[in-house]
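Colleague: For reference, the structure I am asking about is given below.
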Number of protein chains: 2
Amino acid sequence: MTDPKWWGWGGAERRGAVAAEALEMLTELLGPPRRSPPVALDQVRVADPAPLPDSIRDVIGSDHVLTGREDRIRHATGKSYPDLVRLRSGEIEDAPDAVVEPGCHDEVAAVLDACTRENVAVVPFGGGTSVVGGVDPARGSFERVIALDLGRMRSAGVDRRSLTARLGPGLRGPDAERALGAAGVTLGHFPQSFEHATIGGFAATRSAGQASSGYGRFDRMVTAVRLAAPAGELRTIDTPHSAAGPALRELIVGSEGVLGVITEVTACVRPRPEERRYEAWIAPEFASGVEIVRELAQQRVLPDVVRLSDRNETRVSLALSGMGGAVRRLLDGYLRLRRQARGCILITGWEGTSEAVGLRRALATRALRSGGAVALGARPGRSWYRGRFEGPYLRDELLDLSYMVETLETAHTWTRLGELYHAVSGAIRDALQAQGTPGLVFAHVSHAYPDGASLYFTVLAAQRVGHELEQWRAVKRAASEAIVRTGGTITHHHAIGRDHRPYIRDEIGELGVEAIAAVKARLDPAGIMNPGKLLA
Amino acid sequence: MTDPKWWGWGGAERRGAVAAEALEMLTELLGPPRRSPPVALDQVRVADPAPLPDSIRDVIGSDHVLTGREDRIRHATGKSYPDLVRLRSGEIEDAPDAVVEPGCHDEVAAVLDACTRENVAVVPFGGGTSVVGGVDPARGSFERVIALDLGRMRSAGVDRRSLTARLGPGLRGPDAERALGAAGVTLGHFPQSFEHATIGGFAATRSAGQASSGYGRFDRMVTAVRLAAPAGELRTIDTPHSAAGPALRELIVGSEGVLGVITEVTACVRPRPEERRYEAWIAPEFASGVEIVRELAQQRVLPDVVRLSDRNETRVSLALSGMGGAVRRLLDGYLRLRRQARGCILITGWEGTSEAVGLRRALATRALRSGGAVALGARPGRSWYRGRFEGPYLRDELLDLSYMVETLETAHTWTRLGELYHAVSGAIRDALQAQGTPGLVFAHVSHAYPDGASLYFTVLAAQRVGHELEQWRAVKRAASEAIVRTGGTITHHHAIGRDHRPYIRDEIGELGVEAIAAVKARLDPAGIMNPGKLLA
């Protein structure tokens, strides 16, 4: 693999072209493409780094304190749409003064200690895949800021008997799965960012993988965490349950680097599946598809993966995604045959022993059929499985053509999910219209629970050239306000970071914010940890 | 139902005699019984109440401020063994100056406000069933203390479509199930304290019911909570998941009344089961029984109820419990026949649709048989089900005969569960021996997870008459220190209260204690909430 692109997602060898038919559709719906490649690396404007105090080099060694231009730029943003807009134009907001690479918990603790004494802000940095500004090198009230890159902390130890694993925070998804696979187990955590995101980041942001219905969200897998805070160490007990007061584990998980650095995660693992079976179905329409997913969840027969696309996503994403032509022709044929012009694609996936897959699939199939779903078979299911990490690569290609690609997610109870769906998609459409760039909004349900589900929206529009960030802000604000009005959560699995901060009070209340701030004041008295994130 | 006994568990009409054969066994193993009835109510020593400020009566009405002697005594303790020892002897430590009964969230808030201004300590009081001193009327640094009895807050509203219910904190288990049953749903939360404990208490202590393997622990059922804190209201969002920072819900759940008063709980519910099927099995011995439960948990085919008794519990509890003679004779016959003198009873229970029960039972049965378990059939299973809330009634009878009855619970990973079992049971045996009252120690596994399980110990011994509390303290200390040494949790589902406070630092560390204290300082600046509990 080549080095990941500094201005986009993943290695350059994974670049692909947007299919001709997709380009035709985009041209028709959004307007013609306009080629706009990223600037060259040496054109990115970045200020000279403020000099770091020697004490940081002293505790960790000069080899692990990087101040090169490229290193700093590579740690200057996450991978949100506005991040990519900024990177591609060479107009980044700021860069860390150095990238510091600790090798273990004690080195993290020593760096935090030095930074507290020397007034240096610290941004914990895992895979750098935040899409909410979670790794922005904000300085807060400090003159200097470092990115604390955890990439050297990649230990992995498996307790096969208890089916748990102790994992270093810097392990990327594939590294973790390789280490676990050698012991015959898997985490089963496969978010779209899997190839680049890290264990520490999964925990710090309450990540949810595509197979969360089966394997659980990451926060439900975690049994214990270890935190290096400026004020000391906090380690939660690794018993399967405890009634010893409030769950501190749940205070550290989701803490987004503002309380300290997660230096170890203990998580439940499962035997590697003997079999993986992925299929596609067509639900008569989105509302009836939602009812099917609700039945599956409430009858406790959810597949490990369940994803229901609305009608627009069904049409557009098939053209855009790796599934492409063959599947789409198959689907079109089906829809014509069944007169299901409003049909919505539903992906189901089961993993486990062959027997368990067979049994669970039989139960789910009955619920699918009785809800009116029509089977498309395993081929489009496998096609989805192969392409399940492709979204962010495709986004780079679309940005090259001056199309805006934004995604956002929320969740609500089943009772209010339809209302949330209409409120958010309507608000985004109106905002795009007001920007003079009418666009496409579509959504899928991809994480289902007995009491409700998530909604994941994708927004496509022609960029307002020269005003890309203003356009994005208008869409983001409209969507967020619609979510808050409808009582949904501002984020189902992307976290708060910087971009959702204006809405945290709506979600947890003033006293909730102050409760977290009180913990932060105790664990990070100087306030060096990840300024400007999570809390207002 | 008559009024609950002030000195024991439940209504006086539920009193029963200890079976003759059980008494014979106890005499042989622990020494002869010595009849010691509780003192009469008017013999209980209790100081006159300190007068309360008028402002409390003003906000809630005089009718809901009780200062009668019996009301105060009934709110003076929980239902732990040392509580009962104190009550029965008439030597309680203290009583609240008044029992205050708010009717809604706003009245709770107004009372907390008045108590903050007037320097009155507040002990939230649900069912009063704490077995760790969680409702002791400790005054801390205050001269006056009230018990805030939530018994009037019994609302229940069901969202049938999302399968959630909003429940008042004062609903006792049977009240909640009645209200939910009318809507065709159930919580499925059946701890041994079910008949008297409340929704608010379940949440505040991270309760786990006997069917936790199927329905989940209470903290996993809760989707949202509302807290009235002295500093204001804290309400968590009721979406099925959120990645908006640390989970404040998990800070309030388990907070044991030290942060504020839980005034509403939203929890997942399930359709009422069509069928309940309970059975008993015999595992060859405790260690192989544990392996069976581990397999069930890790293959994800756990019954809704799974309870494995060790050999001592199998022998003693059958004689002591409601299961009594017939089942025991059946069991003895089996054991002789199979030459399984070390056999351990294992109760399994399934609830749900008939089809789901059938299917899940078939999968579990295979794992049970392949682990060497022998079926005893449905009769002893039903017998366990009928007697599942009887333990605390029986305790009263044994106390009447001057036998000590203490229970305590812990949990660990599968890898260390055996070590924990031997360490704790050994430590208790040694402590009893040192007290000159060699006794019986036995345990069961009743809450199983993929990564580990709980252990619930019962201790029986002759009381050291006149030194009952000293004897209890020695046992409690020995068990707790063994738990801490072995890395188990000090409490799986009874909470910290007062009795486990010396061990909270071992479990969550100094910084963990300080993190919770920081939240408390913000939510309860005057420190009026439940002094002397949870935190040191």
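Chains: A, B, ... in order of the structure tokens. Residues: from 1 per chain. Ligands: from 1, in order shown.
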Within 10 Å of A:Asp106, counting only C-alpha atoms, which residues qualify if same-chain residues fewer than 2 places away don't, as a PyMOL selection string?

Modeller: chain A and resi 59-60+102-104+108-112+228+233+263

Colleague: Identify, on the basis of only C-alpha atoms, every residue whose closest approach to stretch 420-430 of chain A does not exceed 8 Å; exclude the query and any residue fewer than 3 positions from it along the same chain; express the result as a ChimeraX atom specification.

Modeller: /A:412,416-417,433-434,438-442,455,457,459,475-476,478-480,482-483,486,488

Colleague: With only C-alpha atoms considered, list every residue of chain A at most 7 Å from chain B, as a PyMOL selection string.

Modeller: chain A and resi 161-164+205-206+234-237+239-247+250-256+268+411-415+449-453+488-489+491-496+507-509+511-512+515+518-519+522+534

Colleague: Which neighbours of A:Glu291 fall inside 10 Å, counting only C-alpha atoms, when residues of the same chain fewer than 4 positions from it are skipped, and could you give them as a list in words?

Modeller: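 What passes the distance filter is Ala283, Phe286, Ala287, Glu295, Leu296, Ala297, Leu368, Gly371 and Trp414 of chain A.
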
Colleague: From a DSSP pass on the backbone, collect the residues of stretch 267-316 of chain B flagged as strand (DSSP E or B) and hand them back as a PyMOL selection string.

Modeller: chain B and resi 267-268+270-271+275-283+305-309

Colleague: Once you have the residues from the selection above, write them out as a short mmCIF file (atom, residue, chain, number, x, y, z; two decimals), in the first residue's frame, restricted to all heavy atoms.

Modeller:
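Saved to out_6.cif:
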```
data_model
loop_
_atom_site.label_atom_id
_atom_site.label_comp_id
_atom_site.auth_asym_id
_atom_site.auth_seq_id
_atom_site.Cartn_x
_atom_site.Cartn_y
_atom_site.Cartn_z
N ALA B 267 -37.48 2.61 30.22
CA ALA B 267 -36.83 1.31 30.07
C ALA B 267 -37.44 0.54 28.92
O ALA B 267 -38.61 0.74 28.58
CB ALA B 267 -36.96 0.50 31.36
N CYS B 268 -36.64 -0.33 28.33
CA CYS B 268 -37.15 -1.25 27.31
C CYS B 268 -38.07 -2.27 27.96
O CYS B 268 -37.78 -2.77 29.06
CB CYS B 268 -35.99 -1.98 26.63
SG CYS B 268 -35.10 -0.94 25.47
N ARG B 270 -40.76 -5.82 26.95
CA ARG B 270 -40.95 -6.86 25.93
C ARG B 270 -42.40 -7.35 25.97
O ARG B 270 -43.06 -7.23 26.99
CB ARG B 270 -40.04 -8.05 26.24
CG ARG B 270 -38.60 -7.66 26.27
CD ARG B 270 -37.73 -8.80 25.84
NE ARG B 270 -36.35 -8.49 26.16
CZ ARG B 270 -35.34 -9.30 25.89
NH1 ARG B 270 -35.57 -10.48 25.33
NH2 ARG B 270 -34.11 -8.96 26.19
N PRO B 271 -42.84 -7.92 24.87
CA PRO B 271 -44.18 -8.53 24.92
C PRO B 271 -44.24 -9.55 26.04
O PRO B 271 -43.24 -10.26 26.30
CB PRO B 271 -44.30 -9.20 23.55
CG PRO B 271 -43.32 -8.49 22.67
CD PRO B 271 -42.20 -8.07 23.57
N GLU B 275 -45.23 -18.17 26.95
CA GLU B 275 -44.88 -19.41 27.66
C GLU B 275 -43.71 -19.16 28.61
O GLU B 275 -42.83 -18.34 28.32
CB GLU B 275 -44.46 -20.47 26.62
CG GLU B 275 -44.28 -21.85 27.25
CD GLU B 275 -43.91 -22.92 26.23
OE1 GLU B 275 -44.19 -22.74 25.02
OE2 GLU B 275 -43.32 -23.92 26.66
N ARG B 276 -43.76 -19.85 29.74
CA ARG B 276 -42.62 -19.86 30.66
C ARG B 276 -42.26 -21.33 30.90
O ARG B 276 -43.11 -22.10 31.32
CB ARG B 276 -43.01 -19.25 32.01
CG ARG B 276 -43.15 -17.77 32.03
CD ARG B 276 -43.05 -17.22 33.45
NE ARG B 276 -42.92 -15.78 33.40
CZ ARG B 276 -43.95 -14.93 33.34
NH1 ARG B 276 -45.19 -15.39 33.38
NH2 ARG B 276 -43.75 -13.63 33.28
N ARG B 277 -41.03 -21.65 30.64
CA ARG B 277 -40.64 -23.05 30.84
C ARG B 277 -39.40 -23.09 31.71
O ARG B 277 -38.34 -22.60 31.35
CB ARG B 277 -40.36 -23.69 29.48
CG ARG B 277 -39.97 -25.13 29.63
CD ARG B 277 -40.10 -25.92 28.37
NE ARG B 277 -39.79 -27.29 28.68
CZ ARG B 277 -40.47 -28.33 28.24
NH1 ARG B 277 -41.51 -28.15 27.46
NH2 ARG B 277 -40.12 -29.54 28.58
N TYR B 278 -39.54 -23.71 32.88
CA TYR B 278 -38.44 -23.82 33.83
C TYR B 278 -38.12 -25.28 34.05
O TYR B 278 -39.01 -26.11 34.17
CB TYR B 278 -38.81 -23.12 35.15
CG TYR B 278 -38.69 -21.63 35.01
CD1 TYR B 278 -39.71 -20.89 34.40
CD2 TYR B 278 -37.55 -20.96 35.42
CE1 TYR B 278 -39.57 -19.52 34.22
CE2 TYR B 278 -37.41 -19.59 35.25
CZ TYR B 278 -38.43 -18.88 34.64
OH TYR B 278 -38.29 -17.54 34.46
N GLU B 279 -36.83 -25.58 34.11
CA GLU B 279 -36.40 -26.97 34.28
C GLU B 279 -35.22 -27.02 35.23
O GLU B 279 -34.58 -26.01 35.50
CB GLU B 279 -35.94 -27.56 32.94
CG GLU B 279 -37.06 -27.67 31.94
CD GLU B 279 -36.56 -28.13 30.58
OE1 GLU B 279 -35.32 -28.12 30.37
OE2 GLU B 279 -37.40 -28.46 29.74
N ALA B 280 -34.92 -28.20 35.70
CA ALA B 280 -33.70 -28.38 36.49
C ALA B 280 -32.84 -29.47 35.86
O ALA B 280 -33.33 -30.36 35.17
CB ALA B 280 -34.04 -28.75 37.93
N TRP B 281 -31.54 -29.31 36.09
CA TRP B 281 -30.55 -30.25 35.58
C TRP B 281 -29.58 -30.54 36.72
O TRP B 281 -29.49 -29.79 37.68
CB TRP B 281 -29.77 -29.65 34.42
CG TRP B 281 -30.60 -29.26 33.25
CD1 TRP B 281 -31.43 -28.17 33.17
CD2 TRP B 281 -30.71 -29.94 32.01
NE1 TRP B 281 -32.05 -28.13 31.95
CE2 TRP B 281 -31.61 -29.21 31.21
CE3 TRP B 281 -30.12 -31.10 31.49
CZ2 TRP B 281 -31.95 -29.61 29.91
CZ3 TRP B 281 -30.44 -31.49 30.20
CH2 TRP B 281 -31.35 -30.75 29.43
N ILE B 282 -28.83 -31.61 36.56
CA ILE B 282 -27.72 -31.86 37.47
C ILE B 282 -26.42 -31.85 36.67
O ILE B 282 -26.28 -32.58 35.69
CB ILE B 282 -27.86 -33.23 38.18
CG1 ILE B 282 -28.95 -33.17 39.22
CG2 ILE B 282 -26.54 -33.65 38.85
CD1 ILE B 282 -28.61 -32.35 40.45
N ALA B 283 -25.51 -30.95 37.07
CA ALA B 283 -24.18 -30.96 36.46
C ALA B 283 -23.30 -31.87 37.29
O ALA B 283 -23.48 -31.98 38.51
CB ALA B 283 -23.60 -29.55 36.45
N VAL B 305 -33.17 -17.57 32.32
CA VAL B 305 -32.70 -17.78 33.69
C VAL B 305 -31.71 -18.93 33.66
O VAL B 305 -31.98 -19.97 33.06
CB VAL B 305 -33.86 -18.15 34.64
CG1 VAL B 305 -33.33 -18.65 35.98
CG2 VAL B 305 -34.78 -16.95 34.85
N VAL B 306 -30.56 -18.74 34.27
CA VAL B 306 -29.62 -19.85 34.43
C VAL B 306 -28.98 -19.70 35.80
O VAL B 306 -28.49 -18.63 36.16
CB VAL B 306 -28.58 -19.89 33.27
CG1 VAL B 306 -27.70 -18.67 33.23
CG2 VAL B 306 -27.74 -21.15 33.36
N ARG B 307 -29.06 -20.75 36.60
CA ARG B 307 -28.57 -20.71 37.99
C ARG B 307 -27.92 -22.03 38.31
O ARG B 307 -28.59 -23.06 38.31
CB ARG B 307 -29.75 -20.59 38.94
CG ARG B 307 -30.29 -19.24 39.13
CD ARG B 307 -31.51 -19.36 40.02
NE ARG B 307 -31.17 -19.11 41.40
CZ ARG B 307 -31.03 -17.88 41.90
NH1 ARG B 307 -31.18 -16.84 41.14
NH2 ARG B 307 -30.75 -17.73 43.18
N LEU B 308 -26.66 -21.95 38.59
CA LEU B 308 -25.92 -23.16 38.95
C LEU B 308 -25.51 -23.07 40.41
O LEU B 308 -24.78 -22.16 40.80
CB LEU B 308 -24.66 -23.26 38.07
CG LEU B 308 -23.65 -24.33 38.50
CD1 LEU B 308 -24.18 -25.73 38.19
CD2 LEU B 308 -22.30 -24.10 37.80
N SER B 309 -25.99 -24.02 41.23
CA SER B 309 -25.62 -24.05 42.64
C SER B 309 -24.39 -24.93 42.83
O SER B 309 -24.25 -25.94 42.15
CB SER B 309 -26.76 -24.62 43.47
OG SER B 309 -27.88 -23.77 43.42
#
```

Colleague: Of the candidates B:Phe194, B:Val135, B:Asp83, B:Ile56, which one gets nearest to B:Glu390 if we count only C-alpha atoms?

Modeller: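 Ranked by minimum distance to B:Glu390, first place goes to B:Phe194.
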
Colleague: Could you name the residues that touch A:Trp7 at 7 Å or less, counting only C-alpha atoms, but leaving out those on the same chain fewer than 2 positions away, as number ranges by chain?

Modeller: A: 5, 84, 87-88

Colleague: Can you spit out the residues from that selection as a PDB file, in the first residue's frame, using N, CA and C atoms?

Modeller:
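Below is the file result.pdb, written as the result:
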```pdb
ATOM      1  N   LYS A   5      -3.268   9.192   0.986  1.00  0.00           N
ATOM      2  CA  LYS A   5      -3.287  10.554   0.440  1.00  0.00           C
ATOM      3  C   LYS A   5      -3.359  11.553   1.594  1.00  0.00           C
ATOM      4  N   LEU A  84     -11.736  18.066   4.036  1.00  0.00           N
ATOM      5  CA  LEU A  84     -11.196  17.774   2.698  1.00  0.00           C
ATOM      6  C   LEU A  84     -11.252  19.004   1.811  1.00  0.00           C
ATOM      7  N   LEU A  87      -8.244  21.005   2.938  1.00  0.00           N
ATOM      8  CA  LEU A  87      -6.976  20.396   2.508  1.00  0.00           C
ATOM      9  C   LEU A  87      -6.768  20.559   1.009  1.00  0.00           C
ATOM     10  N   ARG A  88      -7.787  20.252   0.255  1.00  0.00           N
ATOM     11  CA  ARG A  88      -7.648  20.275  -1.214  1.00  0.00           C
ATOM     12  C   ARG A  88      -7.346  21.671  -1.736  1.00  0.00           C
TER      13      ARG A  88
END
```

Colleague: Need to verify the contact set: stretch 76-79 of chain B, 10 Å, only C-alpha atoms, exclusion of same-chain residues closer than 4 positions in sequence. Can you return it as JSON, numbers by chain?

Modeller: {"B": [6, 7, 8, 9, 46, 70, 71, 72, 83, 84, 85, 86, 87, 92, 93, 94, 95, 96, 97, 99, 125, 127, 128, 129, 130, 131, 132, 133, 134, 135, 136, 137, 138, 147, 193, 392]}

Colleague: Quick check, in Å to one decimal: how far apart do atom CA of B:Gly260 and atom CA of B:Asp48 lie?

Modeller: 27.0 Å

Colleague: Compile the contact shell of B:Arg388 as a list in words: residues with an atom at most 12 Å away, counting only C-alpha atoms, same-chain residues fewer than 6 positions apart removed.

Modeller: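 Residues meeting the cut-off are Phe190, Pro191, Gln192, Ser193, Phe194, Glu195, Gly209, Gln210, Ala211, Tyr278, Val305, Arg307, Ser317, Ser321, Gly322, Met323, Ile347, Pro380, Gly381, Arg382 and Leu394 of chain B.
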
Colleague: Where does DSSP see helix (DSSP H, G or I) in stretch 363-471 of chain B, if you list the residues as a VMD selection string?

Modeller: chain B and resid 363 to 370 378 to 386 391 to 400 414 to 434 468 to 471
